[in-house]
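Please read the structure below before turning to the comments.
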Amino acid sequence: MKSEKTGDRLDPTIFVIFGGAGDLTWRKLIPALFDLSQDRSLPDEFAIIAVDRIRIGDDAFRHRLNDGVKRFARWGKAKAAAWGRFAQHLTYQQGDFKKLPTYTALGKRCTALEKTWGRKAHRIYYMATPPSMFGEIPAYLGKAGLARDRAWARIVIEKPIGYDLESARALNAVLAASFQESQIYRIDHYLGKETVQNILAFRFSNPLFEPLWNRRYIDYVTITVAETVGVGHRGGYYDHAGALRDMVQNHLMQLLCLVAMEPMVSFDADEIRNKKADVLHAIRPIHVSCAVRGQYGPGDIERKRVAGYRAEIDVAPESQTETFVALRLYVDNWRWQDVPFYLRTGKRLPRQASEISIHFRAVPHQSFPPEASLGWQHSTLVLSIQPQEGISLGFQAKYPGPKMQLRPVNMQFSYRGSFATRSPDAYETLLWDVMKCDATLFMRADQVEAAWTLLMPVLQGWQSTPSGDFPNYAAGTWGPEGIQALLAPGHSWPLPTELVRPT
Ligand code: BG6
C-alpha cells in the first residue's frame, strides 16, 4: 500500500512480463511503470524484460509501448527524452511460453543484469497472458529454478483466478508447487484504487463512525458497481465468464470485505487479509433465490443507440451469459447479524458509478409532528469509489422559516476539492507494492477460494436452469425488474449520488 515514496530505496529489480506484447502491457503495465519512473519511484538498477511469442525487434517494440504511454500514462505528455531514458530499461525477448529454453534464456539474461549491476536483483514475474497460460508459466519457472529464491522472486497473477472453485483450487495448487504463498501476488485492481484504500482509512482512523458501524444502527448496505460500457472487444472472454465471475467473485466481494471487516490490530498484510477472510467465512451460504441475473438488450445509453448483448462481437446469438447480477447476502456474526447486504453490478446501465451506501436506521422515536417530517429520509453515508471520488453523508436539517420542517441535506468530501493532486492509477499503486513486497492489497489463496465457495450454488443453479427471459433489461436502464424482489420492505436500490464538484 503506497505510503511516502520519496526516501524509499528499492533494491535492483527485474520486471519480467509474460504476454509483453499484449494489451494489458500496452494499456496498463508500461504506462504505470513509466509514471512510477517519472515520480522517481523506480530503482536506478531496473530492467523490464517483456516476453512473448511474436517476433519484433526492441526498437519497434519500444515504439509501440511509447504509443500506449502517450495515451494512458499520467505523465504521457512528458518530454520525449523522458521516454528515451525509460526505454533504455526495456527489452523484448521472443519465446514460446511452453518451452523450457525460453526460461533458461530468461534466467541467463537476469544473471547477466545482476553481474552488470554487481548486486542481486528482485525478480518479478508478471503473468499478463491469457488465463490458459496461468498454469504453465509458474510450472516452467519452477522447473528452470527461477522461483526458488523466496526473498527475491515473486509472481503476479491477474484475475480470473479460476473459473469456479475447482479450477481456482487447481490453479492455486499449480502456483504453490513452484512458489510460496508469500511470493504470490494476485491482483484485484479495485484494491489499488485510492477510494477503495480509503475505506480502511475512513473506518479505522476516525473514532466517529465505528461505534455506529453495526446492526444496531445500520439497517442495510448497498454496493453498486454500474458500468455504461458493454463488453466491447472482450465478448470471447466475457461470454464464458459473465458478471458473477467477472465482477462479483472478486471486486464486489473485496468491497464487501472492506466494509464489513473487524478493525485490524496492525497494518500488517496478513492481519488485514485475515480480517477480510473472516468476513467471507461469516457470509451465510447464498441460495440461488437470493440472486437475480440479467442480460441487456438493445437500448439507449447517453442518447446513443447501442446493440443488445447477443449482437456483440464473439457472443453467441442465444447466449445465456449474465451481464447483470444482484445479490442479497448476510454476514452471520455479532456485528452484522440480519443486516442485508445488497450487491449489484451490470454493464450498459445508465450511469457509470461504483458506490457503497450505508443506510442507517430510523430514529427510535419520532418526536417531530408528522407534518414537519414529510420529507424525512434515512441517514445515508455514501462512499463513492468512481467516477466521483469522495464521501457524502445525508442527514436531516431544519428548513429555514418559522415552521419546524425537516429536509434531507448532504455533507460532502470530494478528493478533487480536498487534495490538489491526482489519484494514481490502481496499477501504479499495485506494481509499487509488489516491488516493496507489500501484499496488503492482493488476494490470498484462501480468500479467492472462500469467495468461489460462496458463489458456487448460484453458478450451478444458473447453469442448470436457463434464464428463459434474456434479454431482460434494455441497455440504459437499471437492470431487470426482478431485483426489487430481493429487497426487504422499506429498502431500496439507491440512485448514484452526485458529489458536489468543487468550484
Ligand atoms: C474488470 C472486468 O476486472 O473490471 C471488466 O473484467 C470491467 O469487465 C472492469 O469493465 C471494471 O473496472 P473499472 O476499474 O473500470 O471499474
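If you're wondering about the labels, chains in the C-alpha cells are A, B, ... by order shown, residues count from 1 in each chain, ligands from 1 in order shown.
Restricting the atom set to only C-alpha atoms and all ligand atoms, one finds that the residues within 8 Å of ligand 1 amount to Lys159, Asp188, His189, Tyr190, Val225, Glu227, Val229, Val231, Tyr238, Ala243, Asp246, Met247, His251, Lys347, Ser354 and Gln386 of chain A.
Using only C-alpha atoms, the residues found no farther than 8 Å from region 443-458 of chain A, other than those of its own chain fewer than 3 positions away, are Ile161, Asp164, Leu165, Ala168, Arg169, Asn172, Glu181, Tyr185, Arg186, Ile187, Asp188, Gln249, Asn250, Met253, Arg273, Lys276, Ala277, Leu280, His281, Ile283, Pro285, Ile286, His287, Val288, Ala291, Gly461 and Trp462 of chain A.
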Region 144-233 of chain A: which residues are strand (DSSP E) by DSSP, as a ChimeraX atom specification? /A:153-158,184-187,218-226
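Closest approach to Asn274 (chain A) from the set A:Ser319, A:Thr440, A:Gln412, A:Gln366 is made by A:Thr440, with distances taken over only C-alpha atoms.
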Step one, run DSSP on the backbone; step two, keep only residues of region 226-455 of chain A assigned to helix (DSSP H, G or I); then write them as a ChimeraX atom specification. /A:232-241,243-260,269-282,288-290,309-311,370-373,415-418,426-435,445-455
